[in-house]
$ cat my_file-v7.txt   # compact mmCIF, C-alpha atoms and all ligand atoms
# COMPACT_ATOMS: atom_id res chain seq x y z
CA MET A 1 97.02 18.17 13.29
CA GLN A 2 97.75 15.27 10.94
CA VAL A 3 98.80 12.19 12.92
CA ASN A 4 100.85 9.49 11.28
CA LEU A 5 99.25 6.06 11.80
CA TYR A 6 102.60 4.33 12.12
CA ASP A 7 103.68 6.74 14.86
CA ILE A 8 100.53 5.85 16.80
CA LEU A 9 101.13 2.14 16.31
CA ARG A 10 104.72 2.56 17.50
CA ALA A 11 103.56 4.49 20.60
CA GLU A 12 101.09 1.72 21.47
CA ILE A 13 103.76 -0.93 20.91
CA THR A 14 106.11 0.92 23.28
CA ASP A 15 103.40 0.41 25.92
CA ARG A 16 103.38 -3.32 25.05
CA LYS A 17 100.05 -3.14 23.24
CA ILE A 18 99.23 -5.12 20.10
CA PRO A 19 97.38 -2.24 18.45
CA LEU A 20 94.77 -3.81 16.21
CA SER A 21 91.91 -1.58 15.18
CA LEU A 22 88.36 -2.31 14.08
CA GLY A 23 88.33 1.05 12.30
CA LYS A 24 85.10 2.04 14.07
CA THR A 25 83.60 2.27 17.52
CA CYS A 26 82.84 -0.98 19.26
CA PRO A 27 79.74 -2.54 17.69
CA VAL A 28 78.78 -4.47 20.85
CA LYS A 29 77.44 -1.33 22.58
CA CYS A 30 77.33 -2.69 26.11
CA ALA A 31 75.29 -0.45 28.42
CA PHE A 32 78.04 -0.56 31.08
CA CYS A 33 80.94 0.20 28.72
CA TYR A 34 83.37 2.71 30.23
CA GLU A 35 84.42 3.65 26.72
CA LYS A 36 80.93 4.90 25.79
CA ASP A 37 82.08 8.44 26.38
CA HIS A 38 85.81 8.83 26.45
CA SER A 39 85.70 12.58 25.83
CA TYR A 40 87.89 13.09 28.90
CA ARG A 41 90.86 11.82 26.86
CA ASN A 42 92.01 12.24 23.27
CA THR A 43 91.98 9.25 20.99
CA VAL A 44 93.07 8.96 17.39
CA ASP A 45 90.74 7.45 14.79
CA THR A 46 92.60 4.69 13.03
CA PRO A 47 91.53 2.63 10.02
CA MET A 48 90.74 -1.06 10.25
CA THR A 49 93.99 -2.98 10.55
CA THR A 50 95.11 -4.36 7.19
CA GLN A 51 97.58 -7.13 6.43
CA GLU A 52 100.19 -4.45 5.71
CA HIS A 53 99.59 -2.77 9.10
CA TRP A 54 99.78 -6.13 10.81
CA GLU A 55 103.14 -6.94 9.22
CA PHE A 56 104.45 -3.62 10.49
CA ILE A 57 103.06 -4.29 14.02
CA LEU A 58 104.54 -7.78 14.20
CA THR A 59 107.95 -6.68 12.88
CA GLU A 60 108.07 -3.87 15.44
CA ILE A 61 107.08 -6.20 18.30
CA GLN A 62 109.73 -8.71 17.25
CA LYS A 63 112.40 -6.06 17.82
CA TYR A 64 111.63 -5.98 21.55
CA PRO A 65 113.47 -8.31 23.89
CA THR A 66 111.32 -10.97 25.55
CA ARG A 67 110.89 -10.73 29.29
CA LYS A 68 109.65 -13.80 31.06
CA ASP A 69 106.86 -12.17 33.04
CA GLU A 70 105.85 -9.61 30.45
CA TYR A 71 102.55 -9.87 28.57
CA TRP A 72 101.68 -8.07 25.35
CA VAL A 73 98.13 -6.81 25.51
CA LEU A 74 95.39 -7.17 22.92
CA GLY A 75 92.76 -4.68 24.11
CA GLY A 76 92.82 -1.42 26.05
CA ASN A 77 94.85 0.62 23.56
CA GLU A 78 96.21 3.83 24.99
CA TYR A 79 95.79 6.25 22.04
CA MET A 80 93.06 4.47 20.11
CA GLU A 81 89.52 3.81 21.21
CA TRP A 82 88.89 0.59 23.13
CA THR A 83 86.92 -2.07 21.31
CA ASP A 84 86.56 -5.83 21.57
CA LEU A 85 89.53 -6.53 19.31
CA PRO A 86 88.94 -10.25 18.70
CA LEU A 87 86.01 -9.00 16.57
CA HIS A 88 88.52 -8.11 13.87
CA PRO A 89 87.98 -10.81 11.20
CA ARG A 90 91.72 -11.62 11.07
CA ALA A 91 92.35 -11.39 14.83
CA MET A 92 92.64 -15.14 15.44
CA ASP A 93 95.04 -15.64 12.51
CA TRP A 94 97.23 -12.83 13.76
CA ILE A 95 97.13 -14.05 17.36
CA GLU A 96 98.33 -17.43 16.12
CA GLU A 97 101.08 -15.81 14.05
CA PHE A 98 102.17 -13.73 17.07
CA LEU A 99 102.44 -16.90 19.16
CA GLU A 100 104.23 -18.83 16.38
CA THR A 101 106.77 -16.19 15.46
CA THR A 102 107.62 -14.68 18.84
CA ASP A 103 108.28 -16.24 22.22
CA LYS A 104 106.25 -13.53 23.95
CA ASN A 105 103.18 -13.89 26.14
CA LEU A 106 99.78 -12.48 25.32
CA THR A 107 96.97 -11.03 27.43
CA MET A 108 93.66 -10.60 25.67
CA PHE A 109 90.28 -9.26 26.75
CA THR A 110 86.96 -10.14 25.22
CA VAL A 111 83.30 -10.46 26.13
CA GLY A 112 83.33 -13.71 24.15
CA TYR A 113 84.33 -13.19 20.53
CA VAL A 114 86.98 -15.84 20.17
CA GLN A 115 86.19 -19.09 18.38
CA PRO A 116 86.04 -21.65 21.21
CA ASP A 117 87.72 -24.58 19.39
CA ARG A 118 90.46 -22.43 18.02
CA ILE A 119 91.36 -20.66 21.26
CA HIS A 120 91.42 -23.95 23.17
CA ARG A 121 93.69 -25.45 20.52
CA LEU A 122 96.04 -22.45 20.80
CA ALA A 123 96.05 -22.70 24.60
CA GLU A 124 97.12 -26.35 24.29
CA LYS A 125 99.75 -25.59 21.66
CA PHE A 126 101.26 -22.64 23.59
CA PRO A 127 100.80 -23.57 27.24
CA GLY A 128 101.16 -20.72 29.71
CA ARG A 129 101.53 -18.04 27.03
CA ILE A 130 97.92 -16.91 26.67
CA ASP A 131 96.22 -14.98 29.44
CA LEU A 132 92.61 -14.84 28.29
CA GLU A 133 90.48 -12.58 30.47
CA LEU A 134 86.89 -13.33 29.66
CA SER A 135 84.29 -10.71 30.55
CA VAL A 136 81.27 -12.86 31.33
CA ILE A 137 79.53 -9.92 33.08
CA THR A 138 76.45 -12.00 33.96
CA PHE A 139 74.61 -15.07 32.72
CA GLY A 140 71.45 -14.00 34.52
CA HIS A 141 68.41 -12.20 33.17
CA TYR A 142 70.11 -8.77 33.30
CA ARG A 143 72.42 -9.93 30.52
CA THR A 144 70.12 -8.87 27.69
CA LYS A 145 69.67 -5.43 29.26
CA LEU A 146 73.38 -4.90 29.74
CA MET A 147 74.68 -6.35 26.49
CA PRO A 148 71.81 -6.69 24.01
CA LYS A 149 74.28 -7.26 21.18
CA GLY A 150 76.69 -9.40 23.18
CA PRO A 151 77.61 -13.01 22.42
CA THR A 152 75.17 -15.73 23.43
CA PRO A 153 75.61 -17.43 26.82
CA LYS A 154 76.18 -20.67 24.87
CA GLN A 155 79.19 -19.17 23.10
CA VAL A 156 80.62 -17.86 26.40
CA LEU A 157 80.08 -21.24 28.09
CA GLU A 158 81.95 -22.98 25.27
CA ILE A 159 84.90 -20.64 25.73
CA LEU A 160 84.89 -21.41 29.44
CA ASP A 161 84.82 -25.13 28.80
CA GLY A 162 88.47 -25.88 28.10
CA PRO A 163 92.00 -24.75 28.89
CA ALA A 164 91.92 -21.25 27.36
CA VAL A 165 90.38 -18.96 29.98
CA THR A 166 92.66 -17.66 32.72
CA SER A 167 90.09 -15.52 34.46
CA ALA A 168 86.38 -14.86 34.18
CA ASN A 169 84.95 -11.60 35.46
CA PHE A 170 81.33 -11.19 36.48
CA TYR A 171 79.44 -8.94 38.83
CA SER A 172 76.75 -8.49 41.40
CA PHE A 173 73.58 -6.91 40.05
CA GLY A 174 71.26 -8.04 42.81
CA PRO A 175 70.29 -11.21 44.69
CA GLY A 176 71.17 -14.49 42.99
CA THR A 177 73.39 -12.90 40.31
CA MET A 178 77.11 -13.10 41.13
CA SER A 179 76.69 -16.14 43.38
CA GLU A 180 74.77 -18.09 40.71
CA ASP A 181 77.33 -17.20 38.06
CA ALA A 182 80.17 -18.32 40.35
CA LYS A 183 78.50 -21.72 40.67
CA THR A 184 77.93 -22.04 36.91
CA ILE A 185 81.46 -21.04 35.96
CA SER A 186 83.11 -23.19 38.60
CA ARG A 187 81.08 -26.21 37.53
CA ILE A 188 82.50 -25.89 34.02
CA ASN A 189 86.00 -24.67 34.79
CA GLN A 190 87.70 -25.12 38.14
CA ASN A 191 91.02 -23.69 37.00
CA CYS A 192 90.13 -20.18 35.91
CA HIS A 193 90.20 -17.36 38.43
CA LEU A 194 86.85 -15.89 39.36
CA TRP A 195 86.99 -12.09 39.40
CA MET A 196 83.94 -10.65 41.02
CA GLY A 197 82.74 -7.31 42.29
CA CYS A 198 80.35 -4.66 41.15
CA LEU A 199 80.49 -2.08 38.40
CA THR A 200 80.86 1.57 39.32
CA PRO A 201 78.54 3.96 37.48
CA LEU A 202 80.33 6.87 35.83
CA ARG A 203 78.63 10.07 34.75
CA TYR A 204 77.72 8.96 31.23
CA ILE A 205 76.14 5.62 32.14
CA ASP A 206 72.36 5.79 31.55
CA PRO A 207 70.02 6.01 34.58
CA GLN A 208 68.66 2.44 34.34
CA THR A 209 72.13 0.91 34.11
CA THR A 210 73.31 3.17 36.93
CA ALA A 211 70.43 1.97 39.11
CA LEU A 212 71.29 -1.64 38.29
CA MET A 213 74.96 -1.12 39.17
CA ARG A 214 73.97 0.48 42.49
CA GLN A 215 71.59 -2.38 43.23
CA GLY A 216 74.54 -4.71 42.62
CA LYS A 217 76.62 -2.77 45.10
CA ARG A 218 73.91 -3.03 47.76
CA TRP A 219 73.86 -6.80 47.32
CA LEU A 220 77.59 -7.28 47.01
CA ALA A 221 78.15 -8.26 50.64
CA SER A 222 75.44 -10.91 50.69
CA GLU A 223 76.40 -12.24 47.26
CA ALA A 224 80.05 -12.39 48.30
CA ARG A 225 79.22 -14.29 51.49
CA LYS A 226 77.22 -16.82 49.50
CA VAL A 227 80.18 -17.42 47.19
CA TYR A 228 82.56 -17.58 50.16
CA ASN A 229 80.40 -20.24 51.79
CA LEU A 230 80.36 -22.31 48.61
CA ASP A 231 84.07 -22.92 49.10
CA LEU A 232 84.70 -23.33 45.38
CA PRO A 233 88.06 -24.70 44.19
CA ASN A 234 88.77 -21.70 41.92
CA LYS A 235 90.99 -18.83 42.98
CA MET A 236 88.55 -16.05 43.85
CA MET A 237 89.21 -12.33 43.62
CA ILE A 238 86.96 -9.37 44.28
CA HIS A 239 87.81 -6.01 42.77
CA THR A 240 86.53 -2.62 41.68
CA GLU A 241 85.46 -1.20 45.03
CA SER A 242 88.06 1.46 45.74
CA ASP A 243 86.80 2.22 49.27
CA ILE A 244 87.04 -1.43 50.22
CA THR A 245 90.46 -1.79 48.65
CA ALA A 246 91.63 1.25 50.61
CA PHE A 247 90.26 -0.17 53.86
CA LEU A 248 91.95 -3.52 53.29
CA ASN A 249 95.22 -1.74 52.57
CA ARG A 250 94.88 0.84 55.35
CA ASN A 251 98.09 -0.19 57.09
CA LYS A 252 100.15 0.36 53.95
CA ILE A 253 98.35 3.66 53.22
CA LEU A 254 99.05 4.87 56.77
CA LYS A 255 102.68 3.75 56.65
CA THR A 256 103.21 5.48 53.31
CA PHE A 257 101.49 8.63 54.55
CA ASP A 258 103.64 8.66 57.71
CA ALA A 259 106.79 8.21 55.61
CA CYS A 260 105.89 11.38 53.65
CA GLU A 261 106.51 13.33 56.89
CA LEU A 262 103.93 16.03 56.22
CA GLY A 263 103.21 18.78 58.72
CA LYS A 264 99.79 19.66 60.16
CA LYS A 265 99.37 22.62 57.83
CA ASP A 266 100.49 20.83 54.68
CA THR A 267 97.76 20.36 52.11
CA VAL A 268 97.67 16.95 50.51
CA VAL A 269 95.40 15.89 47.66
CA MET A 270 93.38 12.66 47.74
CA ALA A 271 90.09 11.20 46.53
CA GLY A 272 87.38 9.90 48.85
CA ASN A 273 88.76 6.41 49.43
CA VAL A 274 92.05 7.62 50.96
CA TYR A 275 90.34 10.62 52.59
CA LYS A 276 88.16 8.27 54.63
CA ILE A 277 91.15 6.20 55.78
CA LEU A 278 93.24 9.19 56.80
CA SER A 279 90.31 10.96 58.48
CA MET A 280 89.64 7.83 60.50
CA PHE A 281 93.20 7.00 61.53
CA ARG A 282 95.29 10.19 61.10
CA ARG A 283 92.85 13.00 61.85
CA GLY A 284 94.55 16.40 62.06
CA ARG A 285 97.97 15.18 60.88
CA ALA A 286 97.81 17.25 57.69
CA ARG A 287 95.21 19.20 55.75
CA PHE A 288 93.47 16.53 53.70
CA LEU A 289 92.16 18.08 50.51
CA TYR A 290 89.31 15.86 49.38
CA VAL A 291 89.00 15.92 45.60
CA PRO A 292 85.94 14.27 44.00
CA ASN A 293 86.53 12.32 40.76
CA GLN A 294 84.50 14.83 38.79
CA THR A 295 86.07 13.99 35.42
CA LEU A 296 84.78 10.43 35.55
CA GLY A 297 81.82 11.42 37.72
CA GLY A 298 79.15 8.98 38.86
CA ASP A 299 80.16 7.02 41.95
CA SER A 300 83.91 6.90 41.28
CA ASN A 301 85.93 7.54 44.39
CA CYS A 302 89.51 6.67 43.63
CA THR A 303 92.77 8.60 44.03
CA THR A 304 94.42 6.70 41.16
CA LEU A 305 91.80 8.05 38.74
CA LEU A 306 91.94 11.73 39.72
CA THR A 307 92.81 14.24 37.01
CA PHE A 308 94.56 17.59 37.23
CA SER A 309 91.33 19.34 36.36
CA ASP A 310 89.63 17.59 39.31
CA VAL A 311 92.37 18.94 41.57
CA GLY A 312 92.25 22.41 39.99
CA ARG A 313 88.53 22.73 40.74
CA ARG A 314 89.19 22.25 44.48
CA LEU A 315 92.07 24.67 44.91
CA SER A 316 91.21 27.88 46.69
CA GLY A 317 94.31 30.03 47.06
CA GLU A 318 96.69 27.45 48.57
CA THR A 319 100.35 28.31 48.14
CA ARG A 320 101.75 24.81 48.56
CA VAL A 321 100.04 21.53 47.72
CA PHE A 322 101.30 17.94 47.84
CA LEU A 323 100.18 15.67 45.00
CA PRO A 324 100.35 11.88 44.94
CA LYS A 325 102.45 10.72 42.01
CA VAL A 326 99.75 8.27 41.04
CA ILE A 327 97.78 11.11 39.39
CA MET A 328 100.39 11.66 36.70
CA GLU A 329 101.34 8.16 35.69
CA ARG A 330 99.54 7.48 32.47
CA PRO A 331 101.59 4.52 31.14
CA SER A 332 103.17 6.22 28.16
CA ASP A 333 104.40 9.29 29.98
CA GLU A 334 105.21 9.70 33.63
CA GLN A 335 103.81 13.22 33.80
CA LEU A 336 100.37 12.88 32.22
CA ASP A 337 97.07 12.32 34.00
CA ILE A 338 94.43 9.92 32.62
CA ALA A 339 92.87 12.76 30.62
CA GLY A 340 96.18 13.59 28.94
CA GLU A 341 96.91 16.91 30.72
CA SER A 342 100.57 17.27 31.63
CA PHE A 343 101.89 18.32 34.99
CA ASP A 344 103.59 21.33 33.36
CA GLN A 345 100.30 22.52 31.82
CA PHE A 346 98.61 22.16 35.19
CA LYS A 347 101.33 24.05 37.07
CA ALA A 348 101.14 26.87 34.53
CA ARG A 349 97.44 27.32 35.43
CA PHE A 350 98.31 27.96 39.10
CA PRO A 351 101.49 30.07 39.05
CA ARG A 352 101.10 31.13 42.69
CA CYS A 353 100.97 27.62 44.02
CA GLN A 354 103.96 25.36 44.55
CA PHE A 355 103.26 21.71 43.82
CA ARG A 356 105.29 18.95 45.43
CA VAL A 357 104.96 15.38 44.22
CA LEU A 358 104.80 12.53 46.74
CA PRO A 359 106.74 9.84 44.84
CA LYS A 360 105.98 7.05 47.33
CA ILE A 361 102.28 7.20 46.43
CA ASN A 362 102.55 5.64 43.00
CA SER A 363 100.69 3.18 40.81
CA ALA A 364 103.21 0.36 41.32
CA LEU A 365 102.26 0.45 45.00
CA SER A 366 98.51 0.69 44.39
CA ASN A 367 98.49 -2.10 41.77
CA LYS A 368 100.54 -4.39 43.99
CA LYS A 369 98.18 -3.86 46.90
CA LEU A 370 95.09 -4.25 44.73
CA TYR A 371 96.19 -7.78 43.88
CA GLU A 372 97.68 -8.72 47.23
CA LYS A 373 94.51 -7.95 49.16
CA GLY A 374 92.09 -8.61 46.33
CA PHE A 375 90.93 -12.08 47.35
CA LEU A 376 87.31 -12.82 48.21
CA ARG A 377 88.57 -14.09 51.56
CA ASN A 378 90.13 -10.67 52.30
CA TYR A 379 86.84 -8.96 51.58
CA VAL A 380 84.73 -11.27 53.76
CA GLU A 381 87.13 -11.79 56.66
CA GLY A 382 89.06 -8.51 56.56
CA TYR A 383 86.25 -6.14 55.64
CA LEU A 384 82.73 -7.46 56.15
CA ASP A 385 83.69 -9.11 59.45
CA HIS A 386 85.84 -6.22 60.65
CA PRO A 387 84.32 -4.21 63.54
CA LEU A 388 85.31 -0.88 61.96
CA SER A 389 84.02 -1.46 58.43
CA LYS A 390 80.47 -0.23 59.15
CA LYS A 391 81.79 2.99 60.66
CA PHE A 392 84.12 3.39 57.70
CA GLU A 393 81.28 2.87 55.24
CA ALA A 394 79.12 5.44 57.00
CA MET A 395 81.81 8.14 57.05
CA PRO A 396 80.61 11.21 55.18
CA LEU A 397 82.75 13.02 52.62
CA PRO A 398 83.04 16.82 52.71
CA ASN A 399 81.02 18.88 50.23
S1 LIG B 401 82.57 -5.27 24.05
FE1 LIG B 401 83.93 -4.16 25.46
S2 LIG B 401 84.55 -2.33 24.33
FE2 LIG B 401 82.79 -3.20 23.26
S3 LIG B 401 81.01 -2.09 24.08
FE3 LIG B 401 81.26 -3.98 25.28
S4 LIG B 401 82.54 -3.38 27.04
FE4 LIG B 401 82.73 -1.76 25.49
$ encode --input "my_file-v7.txt" --output "structure tokens" --more "lines below"
Ligand code: SF4
Amino acid sequence: MQVNLYDILRAEITDRKIPLSLGKTCPVKCAFCYEKDHSYRNTVDTPMTTQEHWEFILTEIQKYPTRKDEYWVLGGNEYMEWTDLPLHPRAMDWIEEFLETTDKNLTMFTVGYVQPDRIHRLAEKFPGRIDLELSVITFGHYRTKLMPKGPTPKQVLEILDGPAVTSANFYSFGPGTMSEDAKTISRINQNCHLWMGCLTPLRYIDPQTTALMRQGKRWLASEARKVYNLDLPNKMMIHTESDITAFLNRNKILKTFDACELGKKDTVVMAGNVYKILSMFRRGRARFLYVPNQTLGGDSNCTTLLTFSDVGRRLSGETRVFLPKVIMERPSDEQLDIAGESFDQFKARFPRCQFRVLPKINSALSNKKLYEKGFLRNYVEGYLDHPLSKKFEAMPLPN
């Protein structure tokens, strides 16, 4: 099927994306990149953005009303492949034009491909309008393994040194990794948020990188405690561990589950993180259908990232199944999963089963909770120090 480029650009813009394209796959080739294999979803190949495309994009964006708390996103396109968009040779000119000619805010993601002087100058000229999320990943010796073609640490440090960066993300890969990076970043910039955690291996991540990510997970608690004890002035968040997030938000999960008023024989779908919470605190209150995140594979364990095909694989003759709404909330369309399958297509595959959607279990709720309880302090005090967290961690999942 022939797809019209301008239709794709319009669809991205509807989702508040600034859809630049490098016209090729990302040249940085990070070993941890979740976009390495995106075969689970369809993307459209688009040519490198030209001046003419840009004029179209900007004119379309200008038609949208400005909302005070809304950010237009450069990076993470919905229909096009993800790349580090500041690598486009005109990206900085166009970012400046966007800021000059609209009154809208901008979120941008990069591993460090903005020109330091220029981005700091823009941050000073347009205070509060640029949310630059810098993926530091690590400054330690694993950096060359993980991003052999990435920007130099010197370049990343120069971007950190000034007003531009809103948040810097970096991860645990073993002893003396995340904690050392927290010290380095905080020494240079006490205003940016520190976003820490560990990376979750998915099925297409190579074995060495997978082993490194798992090593990081094993050391996360001790690295997090070290950072906690440093008492740095930066705001400190810790993300990406869906089990931990679920544990920290257990009261809300339980309240939402109770409000769904399910019976003991009702079958309700969930991934491992919520399964562990409900098995621990609501055993026997419904039939919990544990669904592994097989589409993404690896160590993923998150209800938000389930797909219909994951659910389909676990059905075995049920006649009525309750589905959390969060599965079918791909931004552009309320009824699509992250792989692009629609709820109608899924239902047609199981004509004997009735599916009921649980609207209270939605992504607005999960995103809100992710941020509310996402502070390093929550993790250390509310999880590591909690008497039940060890038992929770050790809970097995069904086969
Ligand atoms: S720069 Fe970003 S998009 Fe490109 S390979 Fe690295 S993680 Fe992936």
$ closest_residue --input "my_file-v7.txt" --among "A:Asn234, A:Thr256, A:Gln354, A:Ser135" --to "ligand LIG 401 (chain B)" --atoms "only C-alpha atoms and all ligand atoms"
A:Ser135
$ residues_around --input "my_file-v7.txt" --residues "Leu232 (chain A)" --least-positions-apart "6" --cutoff "12 Å" --atoms "only C-alpha atoms" --output "ChimeraX atom specification"
/A:179,182-194,226,376-377
$ residues_near_ligand --input "my_file-v7.txt" --ligand "ligand LIG 401 (chain B)" --cutoff "9 Å" --atoms "only C-alpha atoms and all ligand atoms" --output "count of residues only"
28
$ residues_around --input "my_file-v7.txt" --residues "Leu202 (chain A)" --least-positions-apart "4" --cutoff "9 Å" --atoms "only C-alpha atoms" --output "list in words"
Tyr34, Thr210, Leu296, Gly297, Gly298, Asp299 and Ser300 of chain A
$ residues_around --input "my_file-v7.txt" --residues "Thr66 (chain A)" --least-positions-apart "6" --cutoff "10 Å" --atoms "all atoms listed in the file" --output "NGL selection string"
:A and (102-105)
$ closest_residue --input "my_file-v7.txt" --among "A:Val227, A:Ala211, A:Ile361, A:Val44" --to "Lys252 (chain A)" --atoms "only C-alpha atoms"
A:Ile361
$ residues_around --input "my_file-v7.txt" --residues "Asn367 (chain A)" --least-positions-apart "2" --cutoff "12 Å" --atoms "all atoms listed in the file" --output "list of chain:residue names"
A:His239, A:Thr240, A:Ser242, A:Thr245, A:Ala246, A:Asn249, A:Thr304, A:Val326, A:Ile361, A:Asn362, A:Ser363, A:Ala364, A:Leu365, A:Lys369, A:Leu370, A:Tyr371, A:Glu372, A:Lys373, A:Gly374
$ atom_distance --input "my_file-v7.txt" --atom1 "CA of Val156 (chain A)" --atom2 "CA of Glu100 (chain A)"
25.7 Å
$ closest_residue --input "my_file-v7.txt" --among "A:Thr46, A:Gln215, A:Ser172, A:Ser279" --to "Leu22 (chain A)" --atoms "all atoms listed in the file"
A:Thr46
$ closest_residue --input "my_file-v7.txt" --among "A:Leu99, A:Val321, A:Leu134, A:Ile61" --to "Pro86 (chain A)" --atoms "only C-alpha atoms"
A:Leu134
